[in-house]
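> Input upload10.csv, format and content: CSV, C-alpha atoms and all ligand atoms.
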chain,number,residue,atom,x,y,z
O,37,MET,CA,110.7,95.7,104.2
O,38,LYS,CA,110.2,99.5,104.2
O,39,ILE,CA,111.1,102.5,102.2
O,40,TYR,CA,112.3,105.7,103.7
O,41,ASP,CA,110.4,108.3,101.8
O,42,THR,CA,109.6,112.0,101.6
O,43,LYS,CA,106.1,112.7,100.3
O,44,THR,CA,106.9,116.1,98.8
O,45,ALA,CA,110.2,115.2,97.1
O,46,PRO,CA,110.4,114.2,93.4
O,47,THR,CA,112.9,111.3,93.6
O,48,PRO,CA,111.1,109.1,96.1
O,49,ARG,CA,107.9,109.8,94.1
O,50,ARG,CA,109.4,108.0,91.2
O,51,VAL,CA,109.7,104.8,93.3
O,52,ARG,CA,106.2,105.2,94.7
O,53,ILE,CA,104.7,105.5,91.2
O,54,PHE,CA,106.8,102.5,90.0
O,55,LEU,CA,105.6,100.3,92.8
O,56,ALA,CA,102.0,101.5,92.4
O,57,GLU,CA,102.2,100.4,88.7
O,58,LYS,CA,103.3,97.0,89.8
O,59,GLY,CA,100.7,96.9,92.6
O,60,ILE,CA,103.4,96.3,95.2
O,61,ASP,CA,102.5,97.6,98.8
O,62,VAL,CA,105.4,98.6,101.0
O,63,ASP,CA,105.5,100.4,104.3
O,64,TYR,CA,106.7,104.0,103.9
O,65,VAL,CA,108.6,105.8,106.7
O,66,GLN,CA,108.5,109.6,106.2
O,67,VAL,CA,111.8,111.5,106.6
O,68,ASP,CA,111.7,115.3,107.0
O,69,LEU,CA,114.4,116.6,104.6
O,70,ALA,CA,113.9,120.3,105.6
O,71,LYS,CA,114.8,119.3,109.2
O,72,GLY,CA,117.8,117.3,107.9
O,73,GLU,CA,116.5,114.0,109.3
O,74,ASN,CA,118.1,112.3,106.2
O,75,LEU,CA,121.5,113.4,107.4
O,76,SER,CA,121.4,111.7,110.8
O,77,PRO,CA,124.0,109.0,111.6
O,78,GLU,CA,121.2,106.4,111.5
O,79,MET,CA,120.1,107.4,108.0
O,80,ARG,CA,123.7,107.7,106.8
O,81,ALA,CA,124.3,104.1,108.0
O,82,LYS,CA,121.5,103.1,105.6
O,83,ASN,CA,122.7,105.4,102.7
O,84,PRO,CA,126.1,107.0,103.0
O,85,ILE,CA,125.2,110.0,100.9
O,86,GLY,CA,122.2,110.7,103.1
O,87,LYS,CA,119.6,110.9,100.3
O,88,ILE,CA,116.1,109.6,100.1
O,89,PRO,CA,114.6,107.1,99.0
O,90,VAL,CA,116.2,104.1,100.7
O,91,LEU,CA,114.8,100.6,100.7
O,92,GLU,CA,115.4,98.6,103.8
O,93,LEU,CA,114.9,94.8,103.6
O,94,ASP,CA,113.9,92.6,106.5
O,95,ASP,CA,117.4,91.4,106.9
O,96,GLY,CA,118.7,95.0,107.2
O,97,THR,CA,120.2,95.3,103.7
O,98,CYS,CA,119.7,98.8,102.5
O,99,ILE,CA,119.5,99.9,98.8
O,100,GLY,CA,119.7,103.6,98.0
O,101,GLU,CA,119.2,105.2,94.6
O,102,SER,CA,115.8,105.2,93.1
O,103,ASP,CA,116.9,103.4,89.9
O,104,ALA,CA,118.5,100.7,92.0
O,105,ILE,CA,115.4,100.2,94.0
O,106,CYS,CA,113.2,100.0,90.9
O,107,LEU,CA,115.7,97.5,89.4
O,108,TYR,CA,115.4,95.3,92.5
O,109,PHE,CA,111.6,95.3,92.3
O,110,GLU,CA,111.5,94.7,88.6
O,111,ALA,CA,113.6,91.6,89.2
O,112,LEU,CA,111.4,90.5,92.1
O,113,GLN,CA,108.2,91.0,90.2
O,114,PRO,CA,108.7,91.4,86.5
O,115,GLU,CA,105.0,92.1,85.7
O,116,PRO,CA,104.1,94.6,84.4
O,117,PRO,CA,107.6,95.2,82.9
O,118,LEU,CA,108.7,98.8,83.3
O,119,LEU,CA,112.3,98.4,82.3
O,120,GLY,CA,111.7,96.5,79.1
O,121,VAL,CA,111.7,92.8,78.2
O,122,THR,CA,113.6,92.3,75.0
O,123,PRO,CA,117.3,93.5,74.8
O,124,LEU,CA,116.1,96.2,72.4
O,125,GLU,CA,113.4,97.5,74.8
O,126,LYS,CA,115.8,97.4,77.7
O,127,GLY,CA,118.4,99.4,75.8
O,128,VAL,CA,116.0,102.0,74.5
O,129,ILE,CA,114.3,102.4,77.9
O,130,ALA,CA,117.7,102.7,79.7
O,131,MET,CA,118.8,105.4,77.2
O,132,TRP,CA,115.7,107.6,77.7
O,133,GLN,CA,115.6,107.0,81.4
O,134,ARG,CA,119.2,108.2,81.7
O,135,GLN,CA,118.9,111.2,79.4
O,136,ILE,CA,115.7,112.3,81.0
O,137,GLU,CA,117.3,112.1,84.4
O,138,MET,CA,120.4,114.0,83.3
O,139,CYS,CA,118.9,116.6,81.0
O,140,LEU,CA,115.6,117.2,82.8
O,141,PHE,CA,115.2,115.7,86.3
O,142,ASN,CA,118.7,116.7,87.6
O,143,GLN,CA,118.5,120.1,85.9
O,144,VAL,CA,115.2,120.9,87.7
O,145,GLY,CA,116.7,119.7,90.9
O,146,MET,CA,119.8,121.9,90.5
O,147,CYS,CA,117.7,124.8,89.6
O,148,PHE,CA,115.6,124.4,92.7
O,149,GLN,CA,118.5,123.9,95.1
O,150,HIS,CA,120.7,126.7,93.7
O,151,THR,CA,118.0,129.4,93.1
O,152,THR,CA,115.9,128.9,96.2
O,153,GLY,CA,118.6,128.0,98.8
O,154,TYR,CA,116.3,125.4,100.2
O,155,PHE,CA,119.3,123.3,101.4
O,156,LYS,CA,121.6,126.2,102.2
O,157,ASP,CA,122.2,124.7,105.6
O,158,ARG,CA,124.1,121.8,103.9
O,159,MET,CA,125.3,123.1,100.6
O,160,THR,CA,126.5,126.4,98.9
O,161,PRO,CA,123.9,127.6,96.5
O,162,VAL,CA,125.3,129.1,93.3
O,163,PRO,CA,122.3,131.1,91.8
O,164,GLU,CA,123.9,131.5,88.4
O,165,PHE,CA,124.4,127.8,88.1
O,166,GLY,CA,120.7,127.3,89.2
O,167,LYS,CA,119.5,129.7,86.5
O,168,VAL,CA,121.5,127.9,83.8
O,169,SER,CA,120.1,124.5,85.0
O,170,GLY,CA,116.6,125.9,84.7
O,171,ILE,CA,117.3,127.1,81.1
O,172,ASN,CA,118.7,123.6,80.3
O,173,ALA,CA,115.6,121.9,81.6
O,174,ASN,CA,113.4,124.2,79.6
O,175,LYS,CA,115.4,123.6,76.4
O,176,TYR,CA,115.2,119.8,76.9
O,177,LEU,CA,111.3,119.9,76.9
O,178,SER,CA,111.5,120.6,73.1
O,179,VAL,CA,113.6,117.4,72.6
O,180,LEU,CA,110.8,115.5,74.4
O,181,ASP,CA,108.1,117.2,72.4
O,182,LYS,CA,109.8,116.1,69.2
O,183,ARG,CA,110.3,112.6,70.5
O,184,LEU,CA,106.6,112.3,71.4
O,185,ALA,CA,105.5,113.5,67.9
O,186,GLU,CA,106.4,110.0,66.7
O,187,ASN,CA,106.1,107.9,69.9
O,188,GLU,CA,103.2,107.4,72.3
O,189,PHE,CA,105.6,107.1,75.2
O,190,MET,CA,109.1,108.3,76.0
O,191,ALA,CA,110.8,105.0,75.1
O,192,GLY,CA,108.5,104.0,72.3
O,193,ASP,CA,105.1,102.3,72.3
O,194,LYS,CA,105.1,101.1,75.9
O,195,PHE,CA,104.8,102.9,79.2
O,196,SER,CA,108.1,102.6,81.1
O,197,ILE,CA,110.2,104.0,84.0
O,198,ALA,CA,111.3,106.8,81.6
O,199,ASP,CA,107.7,108.2,81.6
O,200,ILE,CA,107.6,108.2,85.4
O,201,THR,CA,110.9,110.1,85.6
O,202,ALA,CA,109.8,112.7,83.1
O,203,LEU,CA,106.4,113.2,84.8
O,204,CYS,CA,108.0,113.6,88.2
O,205,ALA,CA,110.5,116.1,86.8
O,206,ILE,CA,107.9,118.2,85.0
O,207,ASP,CA,105.6,118.2,88.1
O,208,PHE,CA,108.4,119.2,90.4
O,209,GLY,CA,109.6,121.8,87.8
O,210,ARG,CA,106.5,123.9,88.6
O,211,VAL,CA,108.2,125.2,91.7
O,212,VAL,CA,110.9,126.7,89.5
O,213,ASP,CA,108.4,127.9,86.8
O,214,LEU,CA,109.1,125.1,84.4
O,215,ARG,CA,106.0,124.8,82.1
O,216,ILE,CA,105.2,122.8,79.0
O,217,GLY,CA,105.0,125.4,76.2
O,218,GLU,CA,101.7,126.1,74.5
O,219,ASP,CA,103.3,124.9,71.2
O,220,GLN,CA,104.5,121.7,72.7
O,221,VAL,CA,101.3,119.8,71.9
O,222,ASN,CA,102.9,116.3,71.8
O,223,LEU,CA,104.4,116.7,75.2
O,224,GLN,CA,101.1,118.1,76.6
O,225,ARG,CA,99.2,115.1,75.0
O,226,TRP,CA,101.7,112.7,76.7
O,227,TYR,CA,101.5,114.6,80.0
O,228,ASP,CA,97.7,114.4,80.2
O,229,GLN,CA,97.7,110.7,79.3
O,230,ILE,CA,100.3,109.8,81.9
O,231,ASN,CA,98.9,112.1,84.6
O,232,SER,CA,95.6,110.2,84.3
O,233,ARG,CA,97.1,106.9,85.4
O,234,PRO,CA,95.9,105.9,88.9
O,235,SER,CA,99.6,105.3,90.0
O,236,ILE,CA,100.4,109.0,89.6
O,237,LYS,CA,98.6,109.7,92.9
O,238,ALA,CA,100.9,107.4,94.8
M,301,LIG,N1,120.3,109.8,92.7
M,301,LIG,C1,119.5,109.7,93.9
M,301,LIG,C2,119.0,111.1,94.3
M,301,LIG,C3,118.4,111.1,95.6
M,301,LIG,C4,118.1,112.6,96.1
M,301,LIG,O1,118.7,113.5,95.6
M,301,LIG,N2,117.1,112.7,96.9
M,301,LIG,C5,116.7,114.0,97.5
M,301,LIG,C6,115.2,114.2,97.5
M,301,LIG,S1,114.5,114.3,95.9
M,301,LIG,C7,117.3,114.1,98.9
M,301,LIG,O2,117.3,113.2,99.6
M,301,LIG,N3,117.7,115.3,99.3
M,301,LIG,C8,118.1,115.6,100.6
M,301,LIG,C9,119.4,116.4,100.7
M,301,LIG,O3,120.0,116.6,99.7
M,301,LIG,O4,119.8,116.7,101.9
M,301,LIG,C10,118.3,108.8,93.6
M,301,LIG,O5,117.9,108.6,92.5
M,301,LIG,O6,117.8,108.2,94.6
Please rewrite the model in this file as structure tokens.
Ligand SMILES: N[C@@H](CCC(=O)N[C@@H](CS)C(=O)NCC(=O)O)C(=O)O


Amino acid sequence: MKIYDTKTAPTPRRVRIFLAEKGIDVDYVQVDLAKGENLSPEMRAKNPIGKIPVLELDDGTCIGESDAICLYFEALQPEPPLLGVTPLEKGVIAMWQRQIEMCLFNQVGMCFQHTTGYFKDRMTPVPEFGKVSGINANKYLSVLDKRLAENEFMAGDKFSIADITALCAIDFGRVVDLRIGEDQVNLQRWYDQINSRPSIKA
């Protein structure tokens, strides 16, 4: 099997960290997004929306969507669990994963795409929308800071996929000037803790 990956992009990074946490080695094939390699007919045959990452299994089956890829590997190798074990853990982790994706990760992505025009060859940037997305992302950091005042990790007392998504969003957010506020001490404590995990370098 192999994963079509782009080393500099935040979404495939989520999958690389997830797999590093599980100690799963996969071959990665680099795809140049700036050159539009992800939009070729060959890549669209693997993922109709032409986005990265894509997991290609040995029988040719392709799975797009970072969450779906992580779900596949969690089922294949449950240890260490990153999506929860009990029904309660699974529900709480899924909630934080989804909200962090919608309110932070996607907002950072929209801010980047619409304020920089990085993909203007394939989309119409709307700078005002990008600006509002950046403001939304910034505001959501205070929700996370509050959450982390009472919880070690995003979804409670265990490291999970939600922590990976949040860290990748915050790191990528630097390109659009997203910063943890000086007063957001809980978020900073969490960030330093997660950022020191060996998997983060994946
Ligand atoms: N929901 C998808 C998002 C994938 C996505 O947006 N990937 C970006 C890289 S971070 C991409 O391939 N962009 C290329 C493009 O839009 O042309 C997932 O979670 O896998």

> Using all atoms listed in the file, which residues have at least one atom no more than 6 Å from ligand LIG 301 (chain M)? Output them as a list in words.

Ala45, Pro46, Thr47, Leu69, Lys87, Ile88, Pro89, Glu101, Ser102 and Asp103 of chain O

> Can you pull out every residue within 12 Å of Pro117 of chain O, counting all atoms listed in the file, but drop anything in the same chain fewer than 5 positions away, and send it as number ranges by chain?

O: 54-55, 57-58, 106-107, 109-112, 122, 125-126, 129, 194-197

> Compile the contact shell of Ile171 of chain O as a ChimeraX atom specification: residues with an atom at most 12 Å away, counting all atoms listed in the file, same-chain residues fewer than 6 positions apart removed.

/O:139-140,143-144,146-147,164-165,177-178,209,212-215

> Any idea what the distance is between atom CA of Lys82 of chain O and atom CA of Ile99 of chain O?

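Calculated distance between atom CA of Lys82 of chain O and atom CA of Ile99 of chain O is 7.8 Å.
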
> Go through O:Leu223, O:Met37, O:Leu75, O:Leu119 and flag the residue nearest Glu188 of chain O, using all atoms listed in the file for the distances.

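Between O:Leu223, O:Met37, O:Leu75, O:Leu119, the residue approaching Glu188 of chain O most closely is O:Leu223.
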
> Atom CA of Ala130 of chain O and atom CA of Val168 of chain O, how far apart in Å?

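So the two atoms, atom CA of Val168 of chain O and atom CA of Ala130 of chain O, lie 25.8 Å apart.
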
> Mind giving me the straight-line distance from atom CA of Gly153 of chain O to atom CA of Phe208 of chain O in Å, one decimal?

15.9 Å

> Of the candidates O:Leu124, O:Ile206, O:Val211, O:Ala238, which one gets nearest to Asn174 of chain O if we count only C-alpha atoms?

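Smallest distance to Asn174 of chain O is found for O:Ile206.
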
> With distances taken over all atoms listed in the file, which residue among O:Ile85, O:Val62, O:Met131, O:Leu91 lies nearest Ile105 of chain O?

O:Leu91

> Might you pull out every residue within 9 Å of Ala70 of chain O, with only C-alpha atoms counted and same-chain residues fewer than 2 positions away left off, and present them as number ranges by chain?

O: 68, 72-73, 154-155

> With only C-alpha atoms as the basis for distance, which of O:Met159, O:Gly120, O:Arg52, O:Gly86 is at the shortest distance from Ser235 of chain O?

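For Ser235 of chain O, the nearest of the given residues is O:Arg52.
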
> What lies within 12 Å of Lys182 of chain O using all atoms listed in the file, ignoring chain neighbours under 5 positions off, as a ChimeraX atom specification?

/O:175-177,187-190,219-224,226

> For Asp199 of chain O, which of O:Gln113, O:Gln135, O:Thr151, O:Asn74 is the closest residue, counting all atoms listed in the file?

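Under the stated criterion, the closest residue is O:Gln135.
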
> Measuring atom to atom with only C-alpha atoms, identify which of O:Ile53, O:Ala173, O:Val90, O:Ala185 is nearest to Val67 of chain O.

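Once distances to Val67 of chain O are computed over only C-alpha atoms, the minimum belongs to O:Val90.
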